[in-house]
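Printed here is entry38.cif (mmCIF, C-alpha atoms and all ligand atoms):
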```
data_data
loop_
_atom_site.label_atom_id
_atom_site.label_comp_id
_atom_site.auth_asym_id
_atom_site.auth_seq_id
_atom_site.Cartn_x
_atom_site.Cartn_y
_atom_site.Cartn_z
CA MET A 242 -14.95 -29.48 -1.33
CA SER A 243 -14.51 -27.30 -4.41
CA GLY A 244 -12.49 -29.80 -6.48
CA VAL A 245 -9.63 -27.32 -6.95
CA LYS A 246 -6.43 -29.18 -7.83
CA LYS A 247 -4.19 -26.35 -8.85
CA ALA A 248 -3.98 -22.70 -7.83
CA ALA A 249 -1.75 -19.94 -9.17
CA LEU A 250 -0.63 -16.78 -7.46
CA LEU A 251 0.46 -13.39 -8.71
CA THR A 252 1.47 -10.14 -7.05
CA GLY A 253 0.78 -6.88 -8.87
CA GLY A 254 1.49 -3.17 -8.51
CA GLY A 255 3.88 -1.72 -5.96
CA ASP A 256 5.65 -4.38 -3.92
CA SER A 257 5.59 -4.30 -0.15
CA SER A 258 7.26 -6.19 2.66
CA ALA A 259 5.26 -9.15 4.07
CA ILE A 260 4.07 -10.38 0.65
CA ASN A 261 6.58 -13.18 0.93
CA ASP A 262 5.12 -14.17 4.30
CA PHE A 263 1.74 -14.46 2.58
CA ILE A 264 3.18 -16.54 -0.26
CA ARG A 265 5.01 -18.82 2.15
CA SER A 266 1.90 -19.48 4.26
CA LEU A 267 -0.33 -20.01 1.27
CA VAL A 268 2.04 -22.53 -0.32
CA ILE A 269 2.33 -24.46 2.94
CA MET A 270 -1.43 -24.42 3.56
CA LEU A 271 -2.35 -25.49 0.04
CA GLN A 272 0.25 -28.24 -0.07
CA ARG A 273 -1.27 -29.60 3.12
CA GLU A 274 -4.62 -29.72 1.28
CA ASP A 275 -2.93 -31.50 -1.63
CA ILE A 276 -3.51 -28.52 -3.92
CA GLY A 277 -0.67 -27.56 -6.25
CA ILE A 278 0.40 -23.93 -6.53
CA LEU A 279 2.22 -22.05 -9.27
CA GLY A 280 3.77 -18.61 -9.15
CA ILE A 281 3.02 -16.25 -12.04
CA ARG A 282 6.05 -14.08 -12.82
CA ASN A 283 5.63 -10.30 -12.69
CA SER A 284 1.88 -10.08 -12.31
CA TYR A 285 -0.45 -10.14 -15.34
CA LYS A 286 2.61 -9.75 -17.60
CA GLY A 287 3.63 -13.31 -16.70
CA LEU A 288 0.13 -14.58 -17.41
CA ILE A 289 0.18 -12.96 -20.83
CA GLU A 290 3.64 -14.39 -21.58
CA ASN A 291 3.06 -17.77 -19.88
CA ARG A 292 5.97 -17.24 -17.48
CA ILE A 293 5.34 -19.51 -14.53
CA MET A 294 7.43 -20.81 -11.66
CA ALA A 295 6.94 -23.78 -9.39
CA LEU A 296 6.29 -23.08 -5.73
CA ASP A 297 6.63 -25.63 -2.97
CA THR A 298 7.52 -25.76 0.69
CA GLY A 299 11.23 -25.96 -0.14
CA THR A 300 11.11 -22.80 -2.30
CA VAL A 301 9.32 -20.71 0.29
CA ASP A 302 10.59 -22.08 3.57
CA THR A 303 13.06 -19.29 4.34
CA LEU A 304 10.92 -16.37 3.18
CA CYS A 305 9.63 -15.26 6.60
CA GLY A 306 9.95 -11.52 7.01
CA SER A 307 11.85 -10.93 3.75
CA GLY A 308 11.15 -7.88 1.57
CA GLY A 309 10.01 -7.83 -2.06
CA THR A 310 8.04 -10.60 -3.72
CA ILE A 311 9.53 -13.91 -4.78
CA VAL A 312 7.27 -14.07 -7.87
CA GLY A 313 8.04 -10.49 -8.95
CA THR A 314 5.56 -7.77 -9.82
CA SER A 315 4.75 -5.19 -12.49
CA ARG A 316 2.11 -2.67 -13.36
CA THR A 317 0.53 -4.42 -16.34
CA ASN A 318 -3.03 -3.71 -17.43
CA PRO A 319 -4.08 -6.53 -19.80
CA TYR A 320 -7.20 -4.59 -20.71
CA LYS A 321 -4.97 -1.96 -22.32
CA ILE A 322 -3.00 -4.49 -24.43
CA GLU A 323 -4.57 -5.95 -27.56
CA GLY A 324 -5.06 -9.70 -27.37
CA ALA A 325 -3.70 -9.91 -23.80
CA VAL A 326 -6.88 -11.20 -22.15
CA GLU A 327 -7.13 -14.05 -24.67
CA LYS A 328 -3.50 -14.94 -23.94
CA ILE A 329 -4.23 -14.92 -20.20
CA LEU A 330 -7.18 -17.28 -20.65
CA LYS A 331 -4.98 -19.58 -22.73
CA THR A 332 -2.24 -19.63 -20.07
CA ILE A 333 -4.79 -20.47 -17.40
CA GLU A 334 -6.23 -23.29 -19.47
CA SER A 335 -2.95 -24.78 -20.64
CA ASN A 336 -1.52 -24.82 -17.10
CA HIS A 337 -4.74 -26.32 -15.68
CA ILE A 338 -5.13 -23.46 -13.21
CA ASP A 339 -8.41 -23.80 -11.32
CA VAL A 340 -8.08 -20.66 -9.22
CA LEU A 341 -6.05 -17.49 -9.57
CA VAL A 342 -5.01 -15.59 -6.43
CA CYS A 343 -4.25 -11.93 -7.20
CA ALA A 344 -2.53 -9.89 -4.48
CA GLY A 345 -2.24 -6.18 -5.07
CA GLY A 346 -3.85 -2.79 -4.84
CA ASN A 347 -6.87 -1.32 -6.57
CA ASP A 348 -5.51 -1.82 -10.09
CA THR A 349 -4.59 -5.48 -9.57
CA LEU A 350 -7.93 -6.18 -7.89
CA THR A 351 -9.84 -4.42 -10.67
CA VAL A 352 -8.28 -6.73 -13.24
CA ALA A 353 -9.03 -9.72 -10.96
CA SER A 354 -12.67 -8.62 -10.86
CA LYS A 355 -12.82 -8.34 -14.65
CA LEU A 356 -11.20 -11.74 -15.10
CA LYS A 357 -13.90 -13.21 -12.88
CA GLU A 358 -16.41 -11.94 -15.42
CA GLU A 359 -14.40 -13.77 -18.11
CA GLY A 360 -14.99 -16.98 -16.15
CA VAL A 361 -11.73 -17.18 -14.18
CA ASN A 362 -12.04 -18.22 -10.52
CA THR A 363 -10.20 -15.30 -8.95
CA ILE A 364 -9.54 -14.49 -5.31
CA GLY A 365 -8.20 -11.05 -4.38
CA ILE A 366 -5.84 -10.09 -1.59
CA PRO A 367 -5.29 -6.45 -0.54
CA GLN A 368 -1.58 -5.83 -0.84
CA THR A 369 -0.47 -2.22 -0.82
CA ILE A 370 1.40 0.02 1.58
CA ASP A 371 -1.31 2.64 0.94
CA ASN A 372 -3.93 0.68 2.96
CA ASP A 373 -6.60 2.22 0.74
CA ILE A 374 -8.65 -0.93 0.07
CA LEU A 375 -12.18 -1.31 1.41
CA GLY A 376 -13.30 -4.47 3.24
CA THR A 377 -10.21 -5.06 5.34
CA ASP A 378 -8.74 -3.47 8.43
CA TYR A 379 -5.30 -3.47 6.85
CA SER A 380 -3.64 -4.44 3.61
CA ILE A 381 -0.42 -6.42 3.42
CA GLY A 382 2.54 -4.02 3.52
CA PHE A 383 1.00 -1.15 5.46
CA HIS A 384 2.57 -1.87 8.85
CA SER A 385 5.98 -2.53 7.30
CA ALA A 386 5.84 0.81 5.50
CA VAL A 387 4.88 2.60 8.72
CA LYS A 388 7.82 0.91 10.46
CA ASN A 389 10.19 2.10 7.73
CA ILE A 390 8.81 5.64 7.80
CA VAL A 391 9.18 5.87 11.57
CA GLU A 392 12.70 4.42 11.60
CA CYS A 393 13.97 6.61 8.75
CA THR A 394 12.38 9.76 10.14
CA ARG A 395 13.73 9.18 13.64
CA MET A 396 17.22 9.12 12.14
CA MET A 397 16.69 12.71 10.97
CA ILE A 398 15.01 14.27 13.97
CA SER A 399 18.19 14.80 16.00
CA SER A 400 19.67 16.82 13.15
CA ASN A 401 16.54 18.97 12.95
CA ILE A 402 16.82 19.68 16.66
CA ALA A 403 20.54 20.45 16.40
CA HIS A 404 19.99 22.91 13.55
CA ASP A 405 16.65 24.44 14.66
CA LYS A 406 15.10 23.19 11.44
CA GLU A 407 11.58 22.44 10.36
CA MET A 408 11.27 19.33 8.22
CA LEU A 409 8.65 18.10 5.78
CA VAL A 410 8.77 14.33 5.24
CA GLU A 411 6.87 13.10 2.20
CA VAL A 412 5.36 9.64 2.33
CA MET A 413 3.50 7.57 -0.26
CA GLY A 414 -0.18 6.65 -0.20
CA ARG A 415 -1.64 8.08 -3.40
CA GLU A 416 -5.07 9.56 -2.57
CA SER A 417 -5.18 8.15 0.98
CA GLY A 418 -3.37 9.53 4.00
CA PHE A 419 -3.11 6.44 6.22
CA LEU A 420 0.71 6.32 6.14
CA ALA A 421 0.99 10.00 7.05
CA VAL A 422 -1.52 10.05 9.93
CA ARG A 423 -0.27 6.82 11.47
CA SER A 424 3.40 7.84 11.34
CA ALA A 425 2.64 11.41 12.50
CA VAL A 426 1.08 10.12 15.73
CA ILE A 427 3.87 7.62 16.37
CA LEU A 428 6.56 10.25 15.74
CA GLY A 429 4.88 13.07 17.68
CA ALA A 430 4.97 15.16 14.50
CA GLY A 431 3.52 18.66 14.34
CA GLY A 432 0.89 17.46 11.90
CA ALA A 433 -0.15 15.22 9.04
CA LEU A 434 -1.03 16.79 5.70
CA ILE A 435 -3.16 14.35 3.72
CA PRO A 436 -5.11 14.24 0.44
CA GLU A 437 -8.49 13.81 2.13
CA PHE A 438 -8.38 17.37 3.58
CA PRO A 439 -7.01 20.28 1.52
CA VAL A 440 -3.96 21.83 3.10
CA ASP A 441 -4.49 25.33 4.54
CA VAL A 442 -0.98 26.71 4.04
CA ASP A 443 -1.70 29.91 5.96
CA ALA A 444 -2.85 27.93 9.00
CA LEU A 445 0.24 25.74 8.71
CA CYS A 446 2.49 28.81 8.58
CA GLU A 447 0.71 30.28 11.61
CA GLN A 448 1.28 27.04 13.51
CA ILE A 449 4.98 27.09 12.66
CA LYS A 450 5.31 30.74 13.72
CA ARG A 451 3.41 30.13 16.98
CA LYS A 452 5.55 27.16 17.81
CA ARG A 453 8.78 29.01 17.06
CA ARG A 454 7.67 31.99 19.17
CA ALA A 455 7.10 29.52 22.02
CA GLY A 456 10.76 28.50 21.67
CA ARG A 457 10.41 25.28 19.72
CA LYS A 458 12.51 25.97 16.67
CA HIS A 459 12.57 22.49 15.18
CA GLY A 460 9.56 20.79 13.69
CA LEU A 461 8.32 17.84 11.71
CA PHE A 462 5.34 17.45 9.40
CA MET A 463 4.34 14.22 7.66
CA VAL A 464 3.07 14.99 4.17
CA SER A 465 1.19 12.61 1.88
CA GLU A 466 2.37 12.60 -1.72
CA GLY A 467 -1.19 13.26 -2.93
CA ILE A 468 -2.01 16.46 -0.99
CA LYS A 469 -3.94 19.30 -2.52
CA LEU A 470 -3.61 22.89 -1.42
CA GLU A 471 -6.72 24.84 -0.50
CA GLY A 472 -7.63 26.88 -3.57
CA GLY A 473 -5.15 25.11 -5.81
CA GLN A 474 -3.46 21.88 -6.69
CA LEU A 475 0.04 20.50 -6.55
CA LEU A 476 0.04 17.50 -8.87
CA ALA A 477 2.25 15.98 -11.49
CA ASP A 478 0.68 15.12 -14.85
CA GLU A 479 2.48 11.90 -15.80
CA VAL A 480 0.21 8.82 -15.63
CA ASP A 481 0.85 5.06 -15.51
CA VAL A 482 -0.88 2.30 -17.52
CA PHE A 483 -3.83 2.29 -15.14
CA GLY A 484 -4.27 6.06 -15.53
CA ASN A 485 -2.87 6.87 -12.06
CA VAL A 486 -1.07 10.18 -11.77
CA LYS A 487 2.61 9.60 -10.93
CA LEU A 488 3.10 11.28 -7.57
CA GLY A 489 6.19 12.14 -5.56
CA GLY A 490 8.13 15.30 -4.78
CA ILE A 491 5.22 17.55 -3.90
CA VAL A 492 6.88 18.72 -0.67
CA TYR A 493 9.57 20.67 -2.51
CA GLY A 494 6.91 23.07 -3.79
CA LEU A 495 5.27 23.26 -0.38
CA ALA A 496 8.58 24.11 1.32
CA ASP A 497 9.10 26.98 -1.16
CA ILE A 498 5.62 28.35 -0.46
CA ILE A 499 6.21 28.28 3.31
CA ASP A 500 9.55 30.00 2.83
CA ARG A 501 7.96 32.74 0.70
CA LYS A 502 5.20 33.29 3.25
CA ILE A 503 7.12 33.34 6.54
CA GLY A 504 10.82 33.22 5.67
CA VAL A 505 11.32 29.76 7.15
CA LYS A 506 12.54 27.17 4.66
CA PRO A 507 11.78 23.66 5.92
CA ARG A 508 14.12 20.83 5.12
CA VAL A 509 12.57 18.33 2.77
CA ASN A 510 12.85 14.57 2.69
CA VAL A 511 11.05 12.32 0.23
CA LEU A 512 11.23 8.82 1.67
CA GLY A 513 10.34 7.14 -1.63
CA TYR A 514 11.10 3.45 -2.02
CA THR A 515 12.65 3.07 1.43
CA GLN A 516 9.01 2.72 2.50
CA ARG A 517 8.47 -0.40 0.44
CA GLY A 518 11.68 -2.27 1.20
CA GLY A 519 13.44 -4.27 3.82
CA GLU A 520 12.39 -6.62 6.56
CA ALA A 521 8.66 -6.93 7.18
CA ASP A 522 7.05 -5.62 10.33
CA GLN A 523 6.12 -8.46 12.68
CA TYR A 524 2.41 -7.66 12.78
CA ASP A 525 2.34 -7.42 8.98
CA SER A 526 3.94 -10.89 8.83
CA TYR A 527 1.33 -12.21 11.24
CA LEU A 528 -1.58 -10.74 9.28
CA SER A 529 -0.18 -12.25 6.07
CA ASN A 530 -0.71 -15.67 7.61
CA ILE A 531 -4.37 -14.81 8.33
CA PHE A 532 -4.84 -13.68 4.72
CA ALA A 533 -3.41 -17.01 3.54
CA LEU A 534 -5.79 -18.84 5.86
CA GLY A 535 -8.72 -16.94 4.33
CA VAL A 536 -7.64 -17.85 0.79
CA THR A 537 -7.30 -21.51 1.74
CA GLU A 538 -10.79 -21.49 3.30
CA ASN A 539 -12.26 -19.83 0.20
CA ILE A 540 -10.63 -22.40 -2.08
CA ASN A 541 -11.96 -25.24 0.05
CA ASN A 542 -15.43 -23.69 0.12
CA GLY A 543 -15.48 -22.72 -3.56
CA ILE A 544 -15.81 -18.97 -2.86
CA PHE A 545 -14.46 -17.04 -5.82
CA GLY A 546 -14.82 -13.48 -7.10
CA HIS A 547 -14.21 -12.17 -3.58
CA MET A 548 -11.38 -10.39 -1.87
CA VAL A 549 -10.18 -11.87 1.39
CA GLY A 550 -9.84 -9.18 4.03
CA VAL A 551 -8.77 -9.38 7.63
CA VAL A 552 -11.23 -7.86 10.10
CA ASN A 553 -10.50 -8.09 13.82
CA GLU A 554 -7.65 -10.45 12.96
CA LYS A 555 -9.99 -12.99 11.31
CA PRO A 556 -10.39 -13.68 7.58
CA SER A 557 -13.41 -12.01 5.98
CA ASN A 558 -14.86 -11.76 2.48
CA ILE A 559 -16.04 -8.91 0.31
CA PRO A 560 -17.08 -9.22 -3.35
CA LEU A 561 -14.25 -7.93 -5.52
CA ALA A 562 -16.64 -5.52 -7.21
CA ASP A 563 -17.42 -3.91 -3.83
CA ALA A 564 -13.79 -3.80 -2.72
CA ILE A 565 -12.81 -1.77 -5.78
CA ALA A 566 -15.92 0.40 -5.98
CA GLN A 567 -14.08 3.23 -4.24
CA ILE A 568 -10.88 3.72 -2.28
CA LYS A 569 -10.72 3.70 1.51
CA VAL A 570 -9.79 7.09 2.94
CA VAL A 571 -8.90 8.55 6.33
CA ASP A 572 -11.95 9.83 8.25
CA ARG A 573 -12.11 13.26 9.86
CA ASP A 574 -11.81 11.96 13.44
CA THR A 575 -8.58 10.12 12.72
CA TYR A 576 -7.18 13.13 10.87
CA GLU A 577 -8.11 15.54 13.64
CA PHE A 578 -6.72 13.22 16.30
CA ALA A 579 -3.38 13.01 14.49
CA ASN A 580 -3.18 16.78 14.18
CA SER A 581 -4.38 17.54 17.70
CA MET A 582 -1.43 15.56 19.03
CA GLY A 583 0.97 17.77 17.07
CA ASP A 584 -0.45 21.29 17.34
CA ILE A 585 0.32 21.77 21.03
CA TRP A 586 2.19 25.08 21.19
O1 LIG B 601 0.45 2.02 -4.65
C1 LIG B 601 1.62 1.84 -3.96
C2 LIG B 601 2.56 2.96 -4.24
O2 LIG B 601 3.71 2.70 -3.46
C3 LIG B 601 2.01 4.37 -4.01
O3 LIG B 601 2.03 4.73 -2.66
C4 LIG B 601 2.91 5.19 -4.88
O4 LIG B 601 2.28 6.38 -5.34
C5 LIG B 601 3.16 4.29 -6.04
O5 LIG B 601 2.99 2.97 -5.57
C6 LIG B 601 4.53 4.43 -6.65
O6 LIG B 601 4.52 3.70 -7.82
P1 LIG B 601 5.80 3.18 -8.62
O7 LIG B 601 6.23 1.90 -7.99
O8 LIG B 601 5.25 2.93 -9.99
O9 LIG B 601 6.81 4.25 -8.55
#
```

Go ahead and express the file in the form of structure tokens.
Amino acid sequence: MSGVKKAALLTGGGDSSAINDFIRSLVIMLQREDIGILGIRNSYKGLIENRIMALDTGTVDTLCGSGGTIVGTSRTNPYKIEGAVEKILKTIESNHIDVLVCAGGNDTLTVASKLKEEGVNTIGIPQTIDNDILGTDYSIGFHSAVKNIVECTRMMISSNIAHDKEMLVEVMGRESGFLAVRSAVILGAGGALIPEFPVDVDALCEQIKRKRRAGRKHGLFMVSEGIKLEGGQLLADEVDVFGNVKLGGIVYGLADIIDRKIGVKPRVNVLGYTQRGGEADQYDSYLSNIFALGVTENINNGIFGHMVGVVNEKPSNIPLADAIAQIKVVDRDTYEFANSMGDIW
């Protein structure tokens, strides 16, 4: 037994569906162990400002499958705010928090790793639709985002067919193309353009021309927001508090280039926040329960400074420092498989 009496939980960075399933399971599991749990409002911002909410079985009972996060989120980097880390340590001490569970993407986990060095017992949880975290098969939110992408895109395909239109659908994912490759295969798209492999626009144009000559005048390409063009770049220059480039909208430029090259102007759709909202995917909800189980086991066994992953549907552990050392990216085989299923004309 680790002697933990009180835990606190925060969710940071971009929200995603199935976080609430995780929160619900964790609260129920910890209550069963007689461990109290607090919710920190809006990520590290709430820790700095001592904004805390009580969580118990009654509060979380009806959260299954709901979107968003009941404790709120934000992109707050305490290491960029003077005096913030001291305030965080004070909040942890004054609320008698023995362990801090931080669910989020690379930025949230990086802060959790640093707080561990300050002496805080942190446990990380990979929570991002991007699925770009090492040490876990999937992160919370990924499957829900794929579900949303597939559902939204299917609503548009009939119109593309009716109008003989090509369409570029932009999805999120930052520097990783998991959302694009997964949805491209499910949708039978012509291809997935992802950040891991520079886009060869001439080859893409050739593919479109070949396909149209073969009589297939509609088309669909799934495009990651972080793509780079061979020999050039298409990136915005605005950055957030963690230094991440603000992405989104890259497909408009790509559609113009294709139009200039072959006289075919693809329709463009940027799915944006539809990807992060709404009811959770069932498998995502299920995995969230396994993540909560892993956190409960770590608390009971006194394992801190690690991120709980889920590997082969079982909880696993990776030191936070290793989980954030680099981002997880799509490998060549997966990329080529996704594209081989689309380039068939
Ligand atoms: O990291 C999750 C994510 O949804 C990325 O895919 C995307 O680039 C980013 O968040 C969008 O950030 P924001 O919520 O700040 O617009």

Given a cut-off of 8 Å, what residues near ligand LIG 601 (chain B) show up using only C-alpha atoms and all ligand atoms, put as a list in words?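 The distance check yields Gly254, Gly255, Asp256, Ser257, Arg316, Gly346, Thr369, Ile370, Asp371, Val412, Met413, Gly414, Arg415, Glu466, Asp481, Lys487, Leu488, Gly489, Tyr514, Gln516 and Arg517 of chain A.
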
For Gln368 in chain A, list every protein, DNA or RNA residue within 6 Å, evaluated using only C-alpha atoms, and leave out those in the same chain fewer than 6 positions away; present the list as an MDAnalysis selection string. chainID A and resid 344:346 380:381

Export, as a PDB file, keeping the file's coordinate frame, the selected residues with C-alpha atoms.
```
ATOM      1  CA  ALA A 344      -2.530  -9.890  -4.480  1.00  0.00           C
ATOM      2  CA  GLY A 345      -2.240  -6.180  -5.070  1.00  0.00           C
ATOM      3  CA  GLY A 346      -3.850  -2.790  -4.840  1.00  0.00           C
ATOM      4  CA  SER A 380      -3.640  -4.440   3.610  1.00  0.00           C
ATOM      5  CA  ILE A 381      -0.420  -6.420   3.420  1.00  0.00           C
TER       6      ILE A 381
END
```

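Computed from the coordinates, the CA of His459 in chain A to CA of Gly519 in chain A distance equals 29.1 Å.
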
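Nearest to Ile264 in chain A of all the residues A:Ser557, A:Thr300, A:Gln523, A:Gln567 is A:Thr300, counting only C-alpha atoms.
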
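When only C-alpha atoms are used to compute distances to Leu495 in chain A, the closest of the residues A:Ser307, A:Asn539, A:Leu434, A:Ala521 turns out to be A:Leu434.
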
Given the choices A:Val391, A:Val505, A:Leu288, A:Ile269, which gets closest to Cys446 in chain A if the distance is worked out from all atoms listed in the file?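 Of A:Val391, A:Val505, A:Leu288, A:Ile269, the one nearest Cys446 in chain A, counting all atoms listed in the file, is A:Val505.
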
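Ranking A:Ile499, A:Leu350, A:Ile427, A:Ile559 by their shortest atom-to-atom distance to Ile449 in chain A, with only C-alpha atoms included, puts A:Ile499 first.
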
Give the answer as one residue: which of A:Leu534, A:Ile491, A:Asn485, A:Val549 has the shortest atom-to-atom distance to Val268 in chain A, using only C-alpha atoms?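 Ranked by minimum distance to Val268 in chain A, first place goes to A:Leu534.
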
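Atom pair CA of Val571 in chain A / CA of Asn558 in chain A: separated by 21.5 Å.
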
To one decimal in Å, tell me the separation between CA of Ala386 in chain A and CA of Gly308 in chain A.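 So the two atoms, CA of Ala386 in chain A and CA of Gly308 in chain A, lie 10.9 Å apart.
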
Using only C-alpha atoms, find the one residue out of A:Gly360, A:Phe383, A:Arg508, A:Val480 that sits nearest to Val410 in chain A.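 Residue with the minimum atom-to-atom distance to Val410 in chain A: A:Arg508.
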
Can you tell me, as a VMD selection string, what residues are no more than 9 Å from Gly490 in chain A when counting only C-alpha atoms, ignoring any on the same chain fewer than 3 positions away? chain A and resid 411 466 477 493 to 494 510 to 511

Hey, can you spit out that residue selection with C-alpha atoms as a PDB file, in the frame of the given file?
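Output (again02.pdb):
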```pdb
ATOM      1  CA  GLU A 411       6.870  13.100   2.200  1.00  0.00           C
ATOM      2  CA  GLU A 466       2.370  12.600  -1.720  1.00  0.00           C
ATOM      3  CA  ALA A 477       2.250  15.980 -11.490  1.00  0.00           C
ATOM      4  CA  TYR A 493       9.570  20.670  -2.510  1.00  0.00           C
ATOM      5  CA  GLY A 494       6.910  23.070  -3.790  1.00  0.00           C
ATOM      6  CA  ASN A 510      12.850  14.570   2.690  1.00  0.00           C
ATOM      7  CA  VAL A 511      11.050  12.320   0.230  1.00  0.00           C
TER       8      VAL A 511
END
```

Can you tell me which residues surround Ile366 in chain A at a distance of at most 10 Å, considering all atoms listed in the file, apart from same-chain residues fewer than 6 positions away, and format the answer as a list in words?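 Once the nearby chain positions are removed, what remains is Thr252, Phe263, Val342, Cys343, Ala344, Gly345, Gly346, Thr349, Leu350, Ala353, Ile374, Thr377, Ser380, Ile381, Ser529, Phe532, Ala533, Gly535, Val536, His547, Met548, Val549, Gly550, Val551 and Leu561 of chain A.
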
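Near (-1.1, -25.4, -8.3), the residues inside the 8 Å limit, counting all atoms listed in the file, come to Lys246, Lys247, Ala248, Ala249, Ile276, Gly277, Ile278, Leu279 and Ile338 of chain A.
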
Do a neighbour search on Glu359 in chain A at 10 Å with only C-alpha atoms, toss out local chain neighbours closer than 6 positions, and write the hits as number ranges by chain. A: 326-327, 330, 353

Taking all atoms of range 295-309 of chain A that the file lists, what box with edges along x, y and z, padded by 6 Å per side, do you get, with centre and edge lengths in Å to one decimal, as lines of an AutoDock Vina configuration file?
```
center_x = 9.7
center_y = -16.9
center_z = -1.2
size_x = 18.8
size_y = 30.1
size_z = 28.4
```

Using the atoms already present, construct N, CA and C atoms for range 507-522 of chain A and hand them back as a PDB file, keeping the file's coordinate frame.
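Below you can see out11.pdb, which holds the result:
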```pdb
ATOM      1  N   PRO A 507      11.643  24.985   5.308  1.00  0.00           N
ATOM      2  CA  PRO A 507      11.780  23.660   5.920  1.00  0.00           C
ATOM      3  C   PRO A 507      12.711  22.774   5.101  1.00  0.00           C
ATOM      4  N   ARG A 508      13.411  21.904   5.804  1.00  0.00           N
ATOM      5  CA  ARG A 508      14.120  20.830   5.120  1.00  0.00           C
ATOM      6  C   ARG A 508      13.084  19.905   4.501  1.00  0.00           C
ATOM      7  N   VAL A 509      13.498  19.219   3.463  1.00  0.00           N
ATOM      8  CA  VAL A 509      12.570  18.330   2.770  1.00  0.00           C
ATOM      9  C   VAL A 509      13.171  16.947   2.659  1.00  0.00           C
ATOM     10  N   ASN A 510      12.373  15.934   2.927  1.00  0.00           N
ATOM     11  CA  ASN A 510      12.850  14.570   2.690  1.00  0.00           C
ATOM     12  C   ASN A 510      11.732  13.735   2.074  1.00  0.00           C
ATOM     13  N   VAL A 511      12.014  13.193   0.903  1.00  0.00           N
ATOM     14  CA  VAL A 511      11.050  12.320   0.230  1.00  0.00           C
ATOM     15  C   VAL A 511      11.495  10.884   0.474  1.00  0.00           C
ATOM     16  N   LEU A 512      10.744  10.151   1.258  1.00  0.00           N
ATOM     17  CA  LEU A 512      11.230   8.820   1.670  1.00  0.00           C
ATOM     18  C   LEU A 512      11.206   7.798   0.530  1.00  0.00           C
ATOM     19  N   GLY A 513      10.324   7.979  -0.427  1.00  0.00           N
ATOM     20  CA  GLY A 513      10.340   7.140  -1.630  1.00  0.00           C
ATOM     21  C   GLY A 513      10.319   5.649  -1.351  1.00  0.00           C
ATOM     22  N   TYR A 514      11.168   4.917  -2.053  1.00  0.00           N
ATOM     23  CA  TYR A 514      11.100   3.450  -2.020  1.00  0.00           C
ATOM     24  C   TYR A 514      11.645   2.837  -0.731  1.00  0.00           C
ATOM     25  N   THR A 515      12.260   3.637   0.126  1.00  0.00           N
ATOM     26  CA  THR A 515      12.650   3.070   1.430  1.00  0.00           C
ATOM     27  C   THR A 515      11.407   2.529   2.141  1.00  0.00           C
ATOM     28  N   GLN A 516      10.249   3.135   1.826  1.00  0.00           N
ATOM     29  CA  GLN A 516       9.010   2.720   2.500  1.00  0.00           C
ATOM     30  C   GLN A 516       8.565   1.313   2.112  1.00  0.00           C
ATOM     31  N   ARG A 517       8.976   0.874   0.938  1.00  0.00           N
ATOM     32  CA  ARG A 517       8.470  -0.400   0.440  1.00  0.00           C
ATOM     33  C   ARG A 517       9.462  -1.542   0.629  1.00  0.00           C
ATOM     34  N   GLY A 518      10.640  -1.237   1.186  1.00  0.00           N
ATOM     35  CA  GLY A 518      11.680  -2.270   1.200  1.00  0.00           C
ATOM     36  C   GLY A 518      11.986  -2.821   2.580  1.00  0.00           C
ATOM     37  N   GLY A 519      12.892  -3.775   2.571  1.00  0.00           N
ATOM     38  CA  GLY A 519      13.440  -4.270   3.820  1.00  0.00           C
ATOM     39  C   GLY A 519      12.575  -5.278   4.543  1.00  0.00           C
ATOM     40  N   GLU A 520      13.039  -5.586   5.744  1.00  0.00           N
ATOM     41  CA  GLU A 520      12.390  -6.620   6.560  1.00  0.00           C
ATOM     42  C   GLU A 520      10.957  -6.226   6.902  1.00  0.00           C
ATOM     43  N   ALA A 521      10.071  -7.205   6.876  1.00  0.00           N
ATOM     44  CA  ALA A 521       8.660  -6.930   7.180  1.00  0.00           C
ATOM     45  C   ALA A 521       8.474  -6.649   8.670  1.00  0.00           C
ATOM     46  N   ASP A 522       7.478  -5.835   8.947  1.00  0.00           N
ATOM     47  CA  ASP A 522       7.050  -5.620  10.330  1.00  0.00           C
ATOM     48  C   ASP A 522       6.406  -6.921  10.855  1.00  0.00           C
TER      49      ASP A 522
END
```
